[in-house]
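Reviewing the structure listed below.
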Amino acid sequence: MYLSSKFGRNGLVMIKSGSDNYDEASIYSNNISLNNRGYTKFKVVFSFYGAGMEIGDRFCLDYKANGASKWIKAKCWRSGQNFDFEDGMWNDNTDSVFRPTAIITNSISIRFRGFSEENFDRVFIDKIQLFGHVELV
């Protein structure tokens, strides 16, 4: 869900709960053509704000390469003390690096999805950037 403004930021997207129905608790990009650039590794950098997330609630970043039908989990972040983030504050410059199994990636899609048990658990996401890298062997 798109929000024009929340928590001092403009142009955000929000994901809610999603322990059962991931599509309703996710946001995702279109399939992004990479114009045969030969990327083998990707990095997603973003900011997020957890609101109402209890200890153990989490959200994940997934990807699909080359028009695949199934999403692959890149990384998950868990809320709470001694976990990945504290609820109620902005977490800037968060990143995840992943390598699709394909030798060459010609297109990529990314998705953020929520895993929590209540409808009031929300993650607000801002400033999403996707970088592609060519690893030399």
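The chains in the structure tokens are called A, B, ... from first to last as shown; in each chain the residues are counted from 1, and the ligands are counted from 1 in the order shown.
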* Asked: If you count only C-alpha atoms, which residues fall within 10 Å of region 54-68 of chain A, apart from same-chain ones fewer than 3 positions away, as a count of residues only?
  -> 59
List every residue of chain A that DSSP, applied to the backbone of this structure, assigns to strand (DSSP E or B), and report them as a tab-separated table (two decimals) with N, CA, C and O atoms, in the first residue's frame.
```tsv
chain	number	residue	atom	x	y	z
A	2	TYR	N	0.60	2.19	-0.87
A	2	TYR	CA	1.36	3.44	-0.96
A	2	TYR	C	0.80	4.45	0.02
A	2	TYR	O	-0.42	4.60	0.17
A	3	LEU	N	1.68	5.17	0.72
A	3	LEU	CA	1.30	6.27	1.61
A	3	LEU	C	2.11	7.50	1.22
A	3	LEU	O	3.34	7.41	1.05
A	4	SER	N	1.46	8.64	1.11
A	4	SER	CA	2.17	9.84	0.71
A	4	SER	C	3.09	10.36	1.81
A	4	SER	O	4.15	10.92	1.53
A	5	SER	N	2.73	10.13	3.10
A	5	SER	CA	3.56	10.64	4.18
A	5	SER	C	3.25	9.89	5.48
A	5	SER	O	2.09	9.61	5.78
A	6	LYS	N	4.30	9.57	6.24
A	6	LYS	CA	4.14	8.91	7.55
A	6	LYS	C	5.49	8.95	8.26
A	6	LYS	O	6.54	8.76	7.64
A	9	ARG	N	8.47	10.95	6.79
A	9	ARG	CA	8.99	10.60	5.47
A	9	ARG	C	7.87	10.73	4.43
A	9	ARG	O	6.70	10.58	4.75
A	10	ASN	N	8.24	10.94	3.19
A	10	ASN	CA	7.28	11.06	2.10
A	10	ASN	C	7.47	9.92	1.10
A	10	ASN	O	8.60	9.50	0.85
A	11	GLY	N	6.37	9.46	0.50
A	11	GLY	CA	6.43	8.46	-0.55
A	11	GLY	C	6.82	7.08	-0.05
A	11	GLY	O	7.82	6.52	-0.49
A	12	LEU	N	6.06	6.52	0.87
A	12	LEU	CA	6.36	5.23	1.49
A	12	LEU	C	5.46	4.13	0.96
A	12	LEU	O	4.40	4.39	0.41
A	13	VAL	N	5.88	2.90	1.17
A	13	VAL	CA	4.99	1.76	0.98
A	13	VAL	C	4.89	1.04	2.31
A	13	VAL	O	5.79	1.11	3.15
A	14	MET	N	3.77	0.35	2.52
A	14	MET	CA	3.51	-0.33	3.79
A	14	MET	C	3.13	-1.77	3.54
A	14	MET	O	2.38	-2.07	2.61
A	15	ILE	N	3.66	-2.67	4.36
A	15	ILE	CA	3.19	-4.05	4.39
A	15	ILE	C	2.62	-4.32	5.77
A	15	ILE	O	3.05	-3.72	6.76
A	26	SER	N	2.27	-8.10	1.01
A	26	SER	CA	3.54	-7.86	0.31
A	26	SER	C	3.43	-6.73	-0.70
A	26	SER	O	2.34	-6.35	-1.12
A	27	ILE	N	4.59	-6.21	-1.05
A	27	ILE	CA	4.72	-5.27	-2.16
A	27	ILE	C	5.84	-5.83	-3.03
A	27	ILE	O	6.77	-6.44	-2.53
A	28	TYR	N	5.72	-5.65	-4.32
A	28	TYR	CA	6.74	-6.21	-5.19
A	28	TYR	C	6.91	-5.35	-6.43
A	28	TYR	O	6.02	-4.60	-6.82
A	32	ILE	N	12.17	-6.50	-13.82
A	32	ILE	CA	13.07	-5.45	-14.29
A	32	ILE	C	14.07	-6.06	-15.27
A	32	ILE	O	14.86	-6.93	-14.90
A	33	SER	N	14.01	-5.61	-16.52
A	33	SER	CA	14.95	-6.10	-17.53
A	33	SER	C	16.33	-5.50	-17.26
A	33	SER	O	16.46	-4.31	-16.98
A	39	TYR	N	24.83	-9.29	-14.77
A	39	TYR	CA	24.90	-9.22	-13.31
A	39	TYR	C	24.82	-10.61	-12.69
A	39	TYR	O	24.02	-11.44	-13.09
A	41	LYS	N	25.36	-10.72	-8.99
A	41	LYS	CA	25.10	-10.44	-7.58
A	41	LYS	C	24.29	-9.15	-7.49
A	41	LYS	O	24.50	-8.23	-8.29
A	42	PHE	N	23.40	-9.10	-6.50
A	42	PHE	CA	22.54	-7.93	-6.32
A	42	PHE	C	22.58	-7.47	-4.88
A	42	PHE	O	22.77	-8.25	-3.96
A	43	LYS	N	22.36	-6.17	-4.72
A	43	LYS	CA	22.27	-5.57	-3.39
A	43	LYS	C	21.04	-4.67	-3.36
A	43	LYS	O	20.86	-3.83	-4.25
A	44	VAL	N	20.19	-4.86	-2.36
A	44	VAL	CA	19.03	-4.00	-2.13
A	44	VAL	C	19.32	-3.18	-0.87
A	44	VAL	O	19.69	-3.74	0.16
A	45	VAL	N	19.19	-1.86	-0.98
A	45	VAL	CA	19.38	-0.95	0.14
A	45	VAL	C	18.07	-0.21	0.34
A	45	VAL	O	17.46	0.26	-0.63
A	46	PHE	N	17.62	-0.09	1.60
A	46	PHE	CA	16.34	0.56	1.88
A	46	PHE	C	16.29	1.05	3.31
A	46	PHE	O	17.17	0.73	4.12
A	47	SER	N	15.26	1.82	3.62
A	47	SER	CA	14.97	2.26	4.99
A	47	SER	C	13.64	1.65	5.39
A	47	SER	O	12.76	1.46	4.54
A	48	PHE	N	13.47	1.37	6.69
A	48	PHE	CA	12.19	0.85	7.15
A	48	PHE	C	11.89	1.29	8.58
A	48	PHE	O	12.79	1.64	9.34
A	49	TYR	N	10.60	1.26	8.90
A	49	TYR	CA	10.09	1.65	10.22
A	49	TYR	C	9.07	0.60	10.62
A	49	TYR	O	8.06	0.40	9.94
A	50	GLY	N	9.31	-0.11	11.72
A	50	GLY	CA	8.35	-1.07	12.24
A	50	GLY	C	7.38	-0.39	13.18
A	50	GLY	O	7.79	0.40	14.04
A	51	ALA	N	6.09	-0.66	13.03
A	51	ALA	CA	5.06	-0.07	13.89
A	51	ALA	C	4.12	-1.17	14.36
A	51	ALA	O	3.47	-1.82	13.56
A	58	ARG	N	8.36	-10.52	11.94
A	58	ARG	CA	9.42	-10.29	10.97
A	58	ARG	C	8.86	-9.91	9.61
A	58	ARG	O	7.67	-10.03	9.35
A	59	PHE	N	9.77	-9.46	8.76
A	59	PHE	CA	9.45	-9.24	7.35
A	59	PHE	C	10.64	-9.71	6.54
A	59	PHE	O	11.76	-9.81	7.05
A	60	CYS	N	10.40	-10.02	5.27
A	60	CYS	CA	11.44	-10.62	4.43
A	60	CYS	C	11.55	-9.92	3.08
A	60	CYS	O	10.58	-9.33	2.60
A	61	LEU	N	12.72	-10.05	2.49
A	61	LEU	CA	12.98	-9.63	1.12
A	61	LEU	C	13.14	-10.90	0.29
A	61	LEU	O	13.92	-11.79	0.65
A	62	ASP	N	12.39	-10.99	-0.79
A	62	ASP	CA	12.47	-12.12	-1.71
A	62	ASP	C	12.82	-11.61	-3.10
A	62	ASP	O	12.69	-10.41	-3.38
A	63	TYR	N	13.21	-12.51	-3.97
A	63	TYR	CA	13.49	-12.13	-5.36
A	63	TYR	C	13.10	-13.27	-6.30
A	63	TYR	O	12.98	-14.42	-5.91
A	64	LYS	N	12.91	-12.90	-7.57
A	64	LYS	CA	12.72	-13.85	-8.67
A	64	LYS	C	13.65	-13.41	-9.79
A	64	LYS	O	13.70	-12.23	-10.13
A	65	ALA	N	14.40	-14.34	-10.34
A	65	ALA	CA	15.32	-14.01	-11.43
A	65	ALA	C	14.85	-14.65	-12.73
A	65	ALA	O	14.28	-15.75	-12.72
A	72	ILE	N	12.23	-16.49	-4.12
A	72	ILE	CA	13.30	-17.06	-3.30
A	72	ILE	C	13.62	-16.05	-2.19
A	72	ILE	O	13.79	-14.86	-2.46
A	73	LYS	N	13.69	-16.54	-0.95
A	73	LYS	CA	13.97	-15.66	0.18
A	73	LYS	C	15.44	-15.22	0.15
A	73	LYS	O	16.34	-16.05	0.08
A	74	ALA	N	15.66	-13.90	0.21
A	74	ALA	CA	17.02	-13.36	0.28
A	74	ALA	C	17.42	-13.14	1.74
A	74	ALA	O	18.50	-13.53	2.15
A	75	LYS	N	16.53	-12.52	2.54
A	75	LYS	CA	16.83	-12.23	3.94
A	75	LYS	C	15.56	-11.86	4.67
A	75	LYS	O	14.65	-11.28	4.08
A	76	CYS	N	15.51	-12.14	5.98
A	76	CYS	CA	14.42	-11.72	6.85
A	76	CYS	C	14.98	-10.90	8.00
A	76	CYS	O	16.12	-11.11	8.44
A	77	TRP	N	14.18	-9.97	8.51
A	77	TRP	CA	14.53	-9.15	9.66
A	77	TRP	C	13.49	-9.40	10.74
A	77	TRP	O	12.29	-9.38	10.48
A	78	ARG	N	13.93	-9.62	11.98
A	78	ARG	CA	13.05	-9.96	13.10
A	78	ARG	C	13.06	-8.83	14.13
A	78	ARG	O	14.10	-8.29	14.47
A	79	SER	N	11.87	-8.52	14.65
A	79	SER	CA	11.70	-7.44	15.62
A	79	SER	C	11.99	-7.92	17.04
A	79	SER	O	11.78	-9.08	17.37
A	85	PHE	N	15.93	-5.48	14.67
A	85	PHE	CA	15.50	-4.08	14.75
A	85	PHE	C	14.55	-3.87	15.92
A	85	PHE	O	13.95	-4.81	16.41
A	90	TRP	N	13.19	4.58	12.70
A	90	TRP	CA	13.67	4.38	11.34
A	90	TRP	C	15.00	3.62	11.35
A	90	TRP	O	15.87	3.90	12.16
A	91	ASN	N	15.12	2.67	10.48
A	91	ASN	CA	16.35	1.91	10.25
A	91	ASN	C	16.80	2.23	8.83
A	91	ASN	O	16.22	1.72	7.87
A	92	ASP	N	17.78	3.10	8.70
A	92	ASP	CA	18.23	3.57	7.39
A	92	ASP	C	19.41	2.74	6.88
A	92	ASP	O	20.15	2.14	7.66
A	93	ASN	N	19.56	2.73	5.57
A	93	ASN	CA	20.68	2.04	4.90
A	93	ASN	C	20.78	0.56	5.25
A	93	ASN	O	21.87	0.02	5.40
A	94	THR	N	19.62	-0.06	5.40
A	94	THR	CA	19.57	-1.50	5.61
A	94	THR	C	19.84	-2.16	4.27
A	94	THR	O	19.38	-1.68	3.24
A	95	ASP	N	20.59	-3.27	4.27
A	95	ASP	CA	20.88	-3.89	2.97
A	95	ASP	C	20.83	-5.41	3.04
A	95	ASP	O	20.86	-6.00	4.11
A	96	SER	N	20.72	-5.96	1.87
A	96	SER	CA	20.79	-7.41	1.68
A	96	SER	C	21.47	-7.67	0.35
A	96	SER	O	21.16	-7.04	-0.65
A	97	VAL	N	22.42	-8.60	0.36
A	97	VAL	CA	23.12	-9.01	-0.85
A	97	VAL	C	22.72	-10.44	-1.16
A	97	VAL	O	22.65	-11.28	-0.26
A	98	PHE	N	22.43	-10.70	-2.43
A	98	PHE	CA	22.06	-12.07	-2.82
A	98	PHE	C	22.59	-12.38	-4.21
A	98	PHE	O	22.84	-11.49	-5.01
A	105	THR	N	21.91	-13.31	-15.00
A	105	THR	CA	20.56	-12.86	-14.67
A	105	THR	C	20.15	-11.78	-15.66
A	105	THR	O	20.79	-10.73	-15.73
A	107	SER	N	16.81	-10.66	-15.89
A	107	SER	CA	15.76	-9.85	-15.30
A	107	SER	C	15.61	-10.22	-13.83
A	107	SER	O	15.98	-11.32	-13.41
A	108	ILE	N	15.08	-9.29	-13.04
A	108	ILE	CA	14.94	-9.50	-11.60
A	108	ILE	C	13.68	-8.81	-11.11
A	108	ILE	O	13.28	-7.77	-11.63
A	109	SER	N	13.02	-9.38	-10.11
A	109	SER	CA	11.91	-8.77	-9.37
A	109	SER	C	12.24	-8.91	-7.90
A	109	SER	O	12.83	-9.91	-7.49
A	110	ILE	N	11.85	-7.92	-7.10
A	110	ILE	CA	12.03	-8.03	-5.65
A	110	ILE	C	10.69	-7.85	-4.96
A	110	ILE	O	9.77	-7.21	-5.51
A	111	ARG	N	10.58	-8.43	-3.76
A	111	ARG	CA	9.33	-8.36	-2.99
A	111	ARG	C	9.68	-8.24	-1.51
A	111	ARG	O	10.57	-8.92	-1.01
A	112	PHE	N	8.94	-7.38	-0.80
A	112	PHE	CA	8.97	-7.33	0.66
A	112	PHE	C	7.66	-7.93	1.14
A	112	PHE	O	6.60	-7.58	0.63
A	113	ARG	N	7.73	-8.84	2.14
A	113	ARG	CA	6.51	-9.43	2.67
A	113	ARG	C	6.59	-9.52	4.18
A	113	ARG	O	7.65	-9.68	4.77
A	114	GLY	N	5.41	-9.39	4.83
A	114	GLY	CA	5.33	-9.40	6.29
A	114	GLY	C	4.99	-10.77	6.84
A	114	GLY	O	4.26	-11.53	6.21
A	115	PHE	N	5.54	-11.06	8.01
A	115	PHE	CA	5.23	-12.27	8.77
A	115	PHE	C	4.90	-11.86	10.20
A	115	PHE	O	5.80	-11.58	10.99
A	122	ARG	N	2.87	-3.51	11.29
A	122	ARG	CA	3.13	-2.89	10.00
A	122	ARG	C	4.59	-2.52	9.84
A	122	ARG	O	5.27	-2.19	10.81
A	123	VAL	N	5.06	-2.57	8.61
A	123	VAL	CA	6.41	-2.12	8.27
A	123	VAL	C	6.26	-1.11	7.14
A	123	VAL	O	5.63	-1.39	6.12
A	124	PHE	N	6.85	0.06	7.34
A	124	PHE	CA	6.84	1.12	6.35
A	124	PHE	C	8.22	1.14	5.69
A	124	PHE	O	9.24	1.15	6.38
A	125	ILE	N	8.26	1.13	4.37
A	125	ILE	CA	9.51	1.01	3.63
A	125	ILE	C	9.70	2.24	2.74
A	125	ILE	O	8.77	2.69	2.09
A	126	ASP	N	10.93	2.74	2.74
A	126	ASP	CA	11.25	3.97	2.02
A	126	ASP	C	12.61	3.82	1.35
A	126	ASP	O	13.44	3.02	1.77
A	127	LYS	N	12.85	4.58	0.30
A	127	LYS	CA	14.15	4.70	-0.35
A	127	LYS	C	14.74	3.36	-0.78
A	127	LYS	O	15.88	3.04	-0.47
A	128	ILE	N	13.99	2.60	-1.54
A	128	ILE	CA	14.45	1.30	-2.01
A	128	ILE	C	15.37	1.50	-3.22
A	128	ILE	O	15.01	2.17	-4.18
A	129	GLN	N	16.56	0.90	-3.15
A	129	GLN	CA	17.52	0.95	-4.26
A	129	GLN	C	17.96	-0.48	-4.56
A	129	GLN	O	18.20	-1.27	-3.65
A	130	LEU	N	18.10	-0.78	-5.84
A	130	LEU	CA	18.58	-2.08	-6.30
A	130	LEU	C	19.85	-1.87	-7.11
A	130	LEU	O	19.87	-1.09	-8.06
A	131	PHE	N	20.92	-2.57	-6.73
A	131	PHE	CA	22.19	-2.48	-7.43
A	131	PHE	C	22.54	-3.85	-7.99
A	131	PHE	O	22.39	-4.86	-7.30
A	132	GLY	N	23.03	-3.89	-9.22
A	132	GLY	CA	23.52	-5.10	-9.81
A	132	GLY	C	25.03	-5.05	-9.94
A	132	GLY	O	25.60	-3.98	-10.19
A	133	HIS	N	25.69	-6.20	-9.73
A	133	HIS	CA	27.15	-6.25	-9.77
A	133	HIS	C	27.56	-7.43	-10.67
A	133	HIS	O	26.90	-8.46	-10.71
```
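Rounded to one decimal, CA of Asn30 (chain A) and CA of Met1 (chain A) lie 15.1 Å from each other.
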